[in-house]
Amino acid sequence: MKINGTTKLYGIIGNPIEHTMSPLIHGTFADALGIDMVYVPFHVAEGQLEAAIKGAYGLNVCGMNVTVPYKNAVIPFLTEVDKRAEAAGSVNTLVRDDREDKAGFIGYNTDMSGLWRAMQEDGISLKNEQVIVLGAGGVGRAVAFMCANSDAQKVYLLNRNAAKADDVAAKVNNSLRQYKKDCVTAMALADYKELLTGAENRYIVLQCTSVGLAPNMDNVVIEDSDFYHYVKFGYDLLYTPWETKFMQLVTANGGVAYNGLKMLLYQGIEAFEIWTGCKVTKENADKVYRMLRDKLC
């Protein structure tokens, strides 16, 4: 592609950022649809987030994705936050805000809708299901909100720091209270055995921590094999390595395991469609998924 004075600039901010595959996603979609844009990674050092947001606006950046560790930290520096992202307490997509009384970016969360679309494609519904969410960080909070908002019967939020899990569960329940009864229950990770009763394979488990990420690929949040007897579907939101220890344990105990690659793809598609107003076809989505998979396998 040719870059000139009319080429629109998009990107992703994070720390670290060298591993990102988002440029492949957005560059391929832009080429397929003939959109004059470039997408680049921006390494934002600790303490430089506010300056980066202001600088991006000054440089006429049209939109950005946000990855760890800034999905929550970016919120105070935005002109507005979408209601769903505010309830989830996490932003991963920014859209330039050029309204006369504004000068910055509006925040959205496409991680939740990306995960929901990935699960739908895999034929998994959350309605009336019992769900375990491992981790109460920014991703865990967003996923707990998505599950509760998708009519899960019960969501158990497990975290090493029980007080943090309590705080996150309360915020998620409060954000949905006008629509439904509280369904998110916080638990200390060490108390997971309290859930190991009744029929086998009754839980959908979503692994929302960085445990198991390369190079610590032999690590897993819960090592007890008995836990995995109660898992019918296990989603690890990590996508590298291709098969995490969590996924191996789910599969070895009769469950079906998935990694986070489709979530990565679909959150990117959601962001791309917000930025450009163009719809990504299933054909192009499948093409990019194969490209991502080939890079990882």
# chains A, B, ... in the order shown; residues from 1 in each chain; ligands from 1
call {"tool": "select_by_dssp", "arguments": {"residues": "region 89-205 of chain A", "states": "helix (DSSP H, G or I)", "output": "PyMOL selection string"}}
result
chain A and resi 111-121+138-149+162-176+189-195
call {"tool": "residues_around", "arguments": {"residues": "Thr251 (chain A)", "least_positions_apart": "2", "cutoff": "12 Å", "atoms": "only C-alpha atoms", "output": "list in words"}}
result
Asn201, Ser225, Tyr228, His229, Tyr230, Val231, Lys232, Phe233, Gly234, Tyr235, Glu243, Thr244, Lys245, Phe246, Met247, Gln248, Leu249, Asn253, Gly254, Gly255, Val256, Ala257 and Tyr258 of chain A
call {"tool": "residues_around", "arguments": {"residues": "Ile124 (chain A)", "least_positions_apart": "6", "cutoff": "10 Å", "atoms": "only C-alpha atoms", "output": "PyMOL selection string"}}
result
chain A and resi 116-118+204+233
call {"tool": "residues_around", "arguments": {"residues": "region 54-58 of chain A", "least_positions_apart": "3", "cutoff": "9 Å", "atoms": "only C-alpha atoms", "output": "ChimeraX atom specification"}}
result
/A:49-51,61-64,77,96-97,103-105
call {"tool": "select_by_dssp", "arguments": {"residues": "region 80-290 of chain A", "states": "strand (DSSP E)", "output": "PyMOL selection string"}}
result
chain A and resi 80-81+93-97+104-108+130-134+154-159+184-188+203-207+231-236+256-258
call {"tool": "closest_residue", "arguments": {"among": "A:Ile274, A:Leu189, A:Leu176, A:Ile269", "to": "Tyr108 (chain A)", "atoms": "only C-alpha atoms"}}
result
A:Ile274
call {"tool": "residues_around", "arguments": {"residues": "Val66 (chain A)", "least_positions_apart": "2", "cutoff": "8 Å", "atoms": "only C-alpha atoms", "output": "VMD selection string"}}
result
chain A and resid 12 to 14 64 68 70 to 71 91 to 94
call {"tool": "closest_residue", "arguments": {"among": "A:Leu213, A:Val40, A:Asp236, A:Val205", "to": "Ile25 (chain A)", "atoms": "only C-alpha atoms"}}
result
A:Val40
call {"tool": "residues_around", "arguments": {"residues": "Gly260 (chain A)", "least_positions_apart": "2", "cutoff": "6 Å", "atoms": "only C-alpha atoms", "output": "compact mmCIF listing (two decimals) with C-alpha atoms, in the first residue's frame"}}
result
# COMPACT_ATOMS: atom_id res chain seq x y z
CA ASP A 236 -8.18 -19.60 28.25
CA LEU A 237 -8.11 -16.01 27.10
CA LEU A 238 -4.39 -16.39 26.37
CA TYR A 239 -3.57 -17.33 22.79
CA LYS A 262 -10.92 -16.03 18.31
CA MET A 263 -11.54 -13.47 21.01
call {"tool": "atom_distance", "arguments": {"atom1": "CA of Thr79 (chain A)", "atom2": "CA of Gly107 (chain A)"}}
result
8.1 Å
call {"tool": "residues_around", "arguments": {"residues": "Ala142 (chain A)", "least_positions_apart": "5", "cutoff": "12 Å", "atoms": "only C-alpha atoms", "output": "compact mmCIF listing (two decimals) with N, CA, C and O atoms, in the first residue's frame"}}
result
# COMPACT_ATOMS: atom_id res chain seq x y z
N LYS A 71 -5.80 -0.93 30.31
CA LYS A 71 -7.23 -0.98 29.98
C LYS A 71 -8.11 -0.27 31.00
O LYS A 71 -9.17 0.24 30.67
N ASN A 72 -7.67 -0.25 32.24
CA ASN A 72 -8.38 0.50 33.27
C ASN A 72 -7.75 1.87 33.48
O ASN A 72 -8.46 2.88 33.63
N ARG A 84 -21.30 0.48 28.49
CA ARG A 84 -20.93 -0.92 28.70
C ARG A 84 -19.49 -1.03 29.17
O ARG A 84 -19.18 -1.82 30.07
N ALA A 85 -18.61 -0.21 28.61
CA ALA A 85 -17.21 -0.21 29.04
C ALA A 85 -17.09 0.32 30.46
O ALA A 85 -16.29 -0.18 31.26
N GLU A 86 -17.90 1.32 30.79
CA GLU A 86 -17.87 1.87 32.15
C GLU A 86 -18.31 0.82 33.16
O GLU A 86 -17.69 0.66 34.23
N ALA A 87 -19.35 0.06 32.84
CA ALA A 87 -19.83 -0.98 33.75
C ALA A 87 -18.79 -2.08 33.90
O ALA A 87 -18.63 -2.65 34.99
N ALA A 88 -18.10 -2.39 32.82
CA ALA A 88 -17.07 -3.43 32.87
C ALA A 88 -15.79 -2.94 33.51
O ALA A 88 -14.95 -3.74 33.92
N GLY A 89 -15.62 -1.62 33.62
CA GLY A 89 -14.42 -1.05 34.20
C GLY A 89 -13.19 -1.26 33.36
O GLY A 89 -12.07 -1.27 33.87
N SER A 90 -13.37 -1.40 32.05
CA SER A 90 -12.25 -1.72 31.18
C SER A 90 -12.50 -1.17 29.78
O SER A 90 -13.60 -1.31 29.24
N VAL A 91 -11.47 -0.55 29.20
CA VAL A 91 -11.55 0.02 27.85
C VAL A 91 -10.42 -0.57 27.01
O VAL A 91 -9.28 -0.64 27.46
N ASN A 92 -10.75 -1.02 25.81
CA ASN A 92 -9.69 -1.52 24.93
C ASN A 92 -9.74 -0.91 23.53
O ASN A 92 -8.90 -1.22 22.70
N TYR A 108 -14.33 2.47 24.43
CA TYR A 108 -15.27 1.36 24.27
C TYR A 108 -14.61 0.07 24.74
O TYR A 108 -13.38 0.00 24.88
N ASN A 109 -15.42 -0.95 24.97
CA ASN A 109 -14.87 -2.27 25.28
C ASN A 109 -15.37 -3.25 24.23
O ASN A 109 -16.57 -3.60 24.20
N THR A 110 -14.46 -3.70 23.36
CA THR A 110 -14.83 -4.72 22.36
C THR A 110 -14.33 -6.10 22.77
O THR A 110 -14.58 -7.07 22.07
N ASP A 111 -13.61 -6.18 23.91
CA ASP A 111 -13.20 -7.49 24.41
C ASP A 111 -14.41 -8.36 24.74
O ASP A 111 -14.44 -9.54 24.41
N MET A 112 -15.39 -7.76 25.40
CA MET A 112 -16.58 -8.52 25.81
C MET A 112 -17.36 -9.04 24.61
O MET A 112 -17.71 -10.22 24.54
N SER A 113 -17.65 -8.15 23.68
CA SER A 113 -18.40 -8.58 22.50
C SER A 113 -17.56 -9.53 21.65
O SER A 113 -18.09 -10.44 21.00
N GLY A 114 -16.23 -9.35 21.67
CA GLY A 114 -15.36 -10.26 20.94
C GLY A 114 -15.41 -11.66 21.51
O GLY A 114 -15.49 -12.65 20.77
N LEU A 115 -15.36 -11.77 22.84
CA LEU A 115 -15.45 -13.08 23.48
C LEU A 115 -16.81 -13.69 23.24
O LEU A 115 -16.92 -14.90 22.96
N TRP A 116 -17.86 -12.89 23.34
CA TRP A 116 -19.22 -13.40 23.11
C TRP A 116 -19.36 -13.95 21.70
O TRP A 116 -19.89 -15.04 21.50
N VAL A 133 -15.12 -17.71 36.69
CA VAL A 133 -14.16 -16.77 36.10
C VAL A 133 -12.93 -16.76 37.00
O VAL A 133 -13.03 -16.47 38.20
N LEU A 134 -11.79 -17.11 36.45
CA LEU A 134 -10.54 -17.14 37.20
C LEU A 134 -9.80 -15.82 36.99
O LEU A 134 -9.35 -15.52 35.88
N GLY A 135 -9.72 -15.02 38.04
CA GLY A 135 -9.03 -13.74 37.96
C GLY A 135 -9.99 -12.57 38.05
O GLY A 135 -11.02 -12.56 37.35
N ALA A 136 -9.67 -11.59 38.89
CA ALA A 136 -10.54 -10.43 39.08
C ALA A 136 -9.84 -9.13 38.68
O ALA A 136 -10.16 -8.07 39.20
N GLY A 137 -8.91 -9.24 37.75
CA GLY A 137 -8.28 -8.04 37.21
C GLY A 137 -9.21 -7.37 36.20
O GLY A 137 -10.41 -7.64 36.15
N CYS A 147 -20.64 -12.22 31.18
CA CYS A 147 -21.36 -13.45 31.51
C CYS A 147 -22.68 -13.14 32.20
O CYS A 147 -23.73 -13.71 31.87
N ALA A 148 -22.65 -12.24 33.18
CA ALA A 148 -23.87 -11.87 33.89
C ALA A 148 -24.87 -11.21 32.96
O ALA A 148 -26.07 -11.48 33.02
N ASN A 149 -24.37 -10.39 32.05
CA ASN A 149 -25.23 -9.68 31.11
C ASN A 149 -25.76 -10.60 30.01
O ASN A 149 -26.70 -10.24 29.30
N LEU A 157 -16.63 -15.67 40.80
CA LEU A 157 -15.42 -14.91 40.48
C LEU A 157 -14.34 -15.27 41.50
O LEU A 157 -14.42 -14.89 42.67
N VAL A 168 -14.91 -6.33 42.95
CA VAL A 168 -15.29 -6.45 41.55
C VAL A 168 -16.70 -7.02 41.41
O VAL A 168 -17.52 -6.54 40.62
N ALA A 169 -17.01 -8.06 42.18
CA ALA A 169 -18.35 -8.67 42.12
C ALA A 169 -19.41 -7.65 42.49
O ALA A 169 -20.48 -7.58 41.84
N LYS A 171 -19.28 -4.40 42.15
CA LYS A 171 -19.41 -3.41 41.07
C LYS A 171 -20.20 -3.99 39.89
O LYS A 171 -21.03 -3.30 39.30
N VAL A 172 -19.93 -5.25 39.54
CA VAL A 172 -20.65 -5.86 38.42
C VAL A 172 -22.12 -6.02 38.77
O VAL A 172 -23.01 -5.68 37.98
N SER A 175 -23.95 -2.71 38.70
CA SER A 175 -24.15 -2.16 37.35
C SER A 175 -25.33 -2.80 36.63
O SER A 175 -25.89 -2.22 35.70
N LEU A 206 -13.66 -19.69 32.54
CA LEU A 206 -12.92 -18.73 31.74
C LEU A 206 -11.68 -18.29 32.51
O LEU A 206 -11.79 -17.74 33.61
N CYS A 208 -8.82 -15.92 33.04
CA CYS A 208 -8.64 -14.52 32.69
C CYS A 208 -7.38 -13.90 33.29
O CYS A 208 -7.29 -12.68 33.42
call {"tool": "atom_distance", "arguments": {"atom1": "CA of Gln178 (chain A)", "atom2": "CA of Ile106 (chain A)"}}
result
25.1 Å
call {"tool": "atom_distance", "arguments": {"atom1": "CA of Phe29 (chain A)", "atom2": "CA of Asn284 (chain A)"}}
result
7.1 Å
call {"tool": "closest_residue", "arguments": {"among": "A:Thr67, A:Gln153, A:Val288, A:Ile75", "to": "His19 (chain A)", "atoms": "only C-alpha atoms"}}
result
A:Thr67
call {"tool": "decode", "arguments": {"residues": "region 196-210 of chain A", "atoms": "all heavy atoms", "output": "tab-separated table (two decimals), in the first residue's frame"}}
result
chain	number	residue	atom	x	y	z
A	196	LEU	N	-16.85	-28.03	43.92
A	196	LEU	CA	-16.69	-29.37	43.33
A	196	LEU	C	-17.69	-30.35	43.92
A	196	LEU	O	-17.36	-31.35	44.53
A	196	LEU	CB	-15.26	-29.89	43.54
A	196	LEU	CG	-14.14	-28.94	43.09
A	196	LEU	CD1	-12.81	-29.65	43.17
A	196	LEU	CD2	-14.40	-28.42	41.69
A	197	THR	N	-18.95	-30.05	43.69
A	197	THR	CA	-20.03	-30.93	44.15
A	197	THR	C	-21.03	-31.10	43.03
A	197	THR	O	-21.09	-30.32	42.09
A	197	THR	CB	-20.74	-30.34	45.38
A	197	THR	OG1	-21.26	-29.04	45.04
A	197	THR	CG2	-19.79	-30.22	46.56
A	198	GLY	N	-21.86	-32.15	43.13
A	198	GLY	CA	-22.88	-32.37	42.12
A	198	GLY	C	-22.36	-33.08	40.90
A	198	GLY	O	-21.30	-33.72	40.91
A	199	ALA	N	-23.09	-32.96	39.81
A	199	ALA	CA	-22.76	-33.67	38.57
A	199	ALA	C	-21.49	-33.12	37.96
A	199	ALA	O	-21.16	-31.95	38.09
A	199	ALA	CB	-23.91	-33.56	37.58
A	200	GLU	N	-20.74	-33.99	37.28
A	200	GLU	CA	-19.53	-33.56	36.59
A	200	GLU	C	-19.87	-32.71	35.37
A	200	GLU	O	-20.97	-32.73	34.83
A	200	GLU	CB	-18.73	-34.78	36.14
A	200	GLU	CG	-18.06	-35.53	37.29
A	200	GLU	CD	-17.05	-36.54	36.79
A	200	GLU	OE1	-16.94	-36.72	35.56
A	200	GLU	OE2	-16.36	-37.15	37.64
A	201	ASN	N	-18.85	-31.95	34.93
A	201	ASN	CA	-18.95	-31.16	33.70
A	201	ASN	C	-20.10	-30.16	33.72
A	201	ASN	O	-20.84	-30.03	32.75
A	201	ASN	CB	-19.08	-32.07	32.47
A	201	ASN	CG	-17.85	-32.91	32.25
A	201	ASN	OD1	-16.76	-32.54	32.65
A	201	ASN	ND2	-18.03	-34.06	31.64
A	202	ARG	N	-20.26	-29.46	34.81
A	202	ARG	CA	-21.37	-28.51	34.85
A	202	ARG	C	-20.95	-27.07	34.68
A	202	ARG	O	-21.81	-26.20	34.59
A	202	ARG	CB	-22.16	-28.67	36.14
A	202	ARG	CG	-21.43	-28.27	37.42
A	202	ARG	CD	-22.40	-28.24	38.58
A	202	ARG	NE	-21.75	-27.82	39.81
A	202	ARG	CZ	-22.43	-27.40	40.87
A	202	ARG	NH1	-23.73	-27.33	40.83
A	202	ARG	NH2	-21.80	-27.03	41.97
A	203	TYR	N	-19.66	-26.77	34.68
A	203	TYR	CA	-19.21	-25.38	34.62
A	203	TYR	C	-18.60	-25.02	33.26
A	203	TYR	O	-17.95	-25.83	32.61
A	203	TYR	CB	-18.14	-25.11	35.68
A	203	TYR	CG	-18.64	-25.19	37.11
A	203	TYR	CD1	-18.20	-26.22	37.94
A	203	TYR	CD2	-19.52	-24.25	37.62
A	203	TYR	CE1	-18.64	-26.29	39.26
A	203	TYR	CE2	-19.97	-24.32	38.93
A	203	TYR	CZ	-19.53	-25.35	39.74
A	203	TYR	OH	-19.97	-25.43	41.04
A	204	ILE	N	-18.81	-23.75	32.90
A	204	ILE	CA	-18.00	-23.11	31.88
A	204	ILE	C	-16.96	-22.29	32.64
A	204	ILE	O	-17.32	-21.47	33.50
A	204	ILE	CB	-18.83	-22.20	30.96
A	204	ILE	CG1	-19.85	-23.02	30.18
A	204	ILE	CG2	-17.93	-21.42	30.00
A	204	ILE	CD1	-20.81	-22.19	29.35
A	205	VAL	N	-15.68	-22.52	32.36
A	205	VAL	CA	-14.62	-21.84	33.09
A	205	VAL	C	-13.83	-20.94	32.14
A	205	VAL	O	-13.39	-21.39	31.08
A	205	VAL	CB	-13.67	-22.84	33.78
A	205	VAL	CG1	-12.57	-22.10	34.54
A	205	VAL	CG2	-14.45	-23.75	34.73
A	206	LEU	N	-13.66	-19.69	32.54
A	206	LEU	CA	-12.92	-18.73	31.74
A	206	LEU	C	-11.68	-18.29	32.51
A	206	LEU	O	-11.79	-17.74	33.61
A	206	LEU	CB	-13.80	-17.52	31.40
A	206	LEU	CG	-15.02	-17.91	30.55
A	206	LEU	CD1	-16.30	-17.68	31.31
A	206	LEU	CD2	-15.04	-17.15	29.25
A	207	GLN	N	-10.52	-18.56	31.93
A	207	GLN	CA	-9.23	-18.28	32.55
A	207	GLN	C	-8.79	-16.88	32.11
A	207	GLN	O	-8.42	-16.68	30.96
A	207	GLN	CB	-8.23	-19.34	32.12
A	207	GLN	CG	-7.02	-19.52	33.05
A	207	GLN	CD	-6.09	-18.33	33.09
A	207	GLN	OE1	-6.03	-17.63	34.11
A	207	GLN	NE2	-5.35	-18.09	32.01
A	208	CYS	N	-8.82	-15.92	33.04
A	208	CYS	CA	-8.64	-14.52	32.69
A	208	CYS	C	-7.38	-13.90	33.29
A	208	CYS	O	-7.29	-12.68	33.42
A	208	CYS	CB	-9.86	-13.71	33.13
A	208	CYS	SG	-11.41	-14.26	32.40
A	209	THR	N	-6.42	-14.73	33.66
A	209	THR	CA	-5.16	-14.22	34.20
A	209	THR	C	-4.05	-14.41	33.16
A	209	THR	O	-4.26	-15.02	32.12
A	209	THR	CB	-4.76	-14.95	35.49
A	209	THR	OG1	-4.20	-16.23	35.17
A	209	THR	CG2	-5.97	-15.14	36.41
A	210	SER	N	-2.86	-13.92	33.50
A	210	SER	CA	-1.70	-14.10	32.62
A	210	SER	C	-0.92	-15.36	32.96
A	210	SER	O	0.12	-15.62	32.36
A	210	SER	CB	-0.78	-12.88	32.71
A	210	SER	OG	-0.31	-12.72	34.04
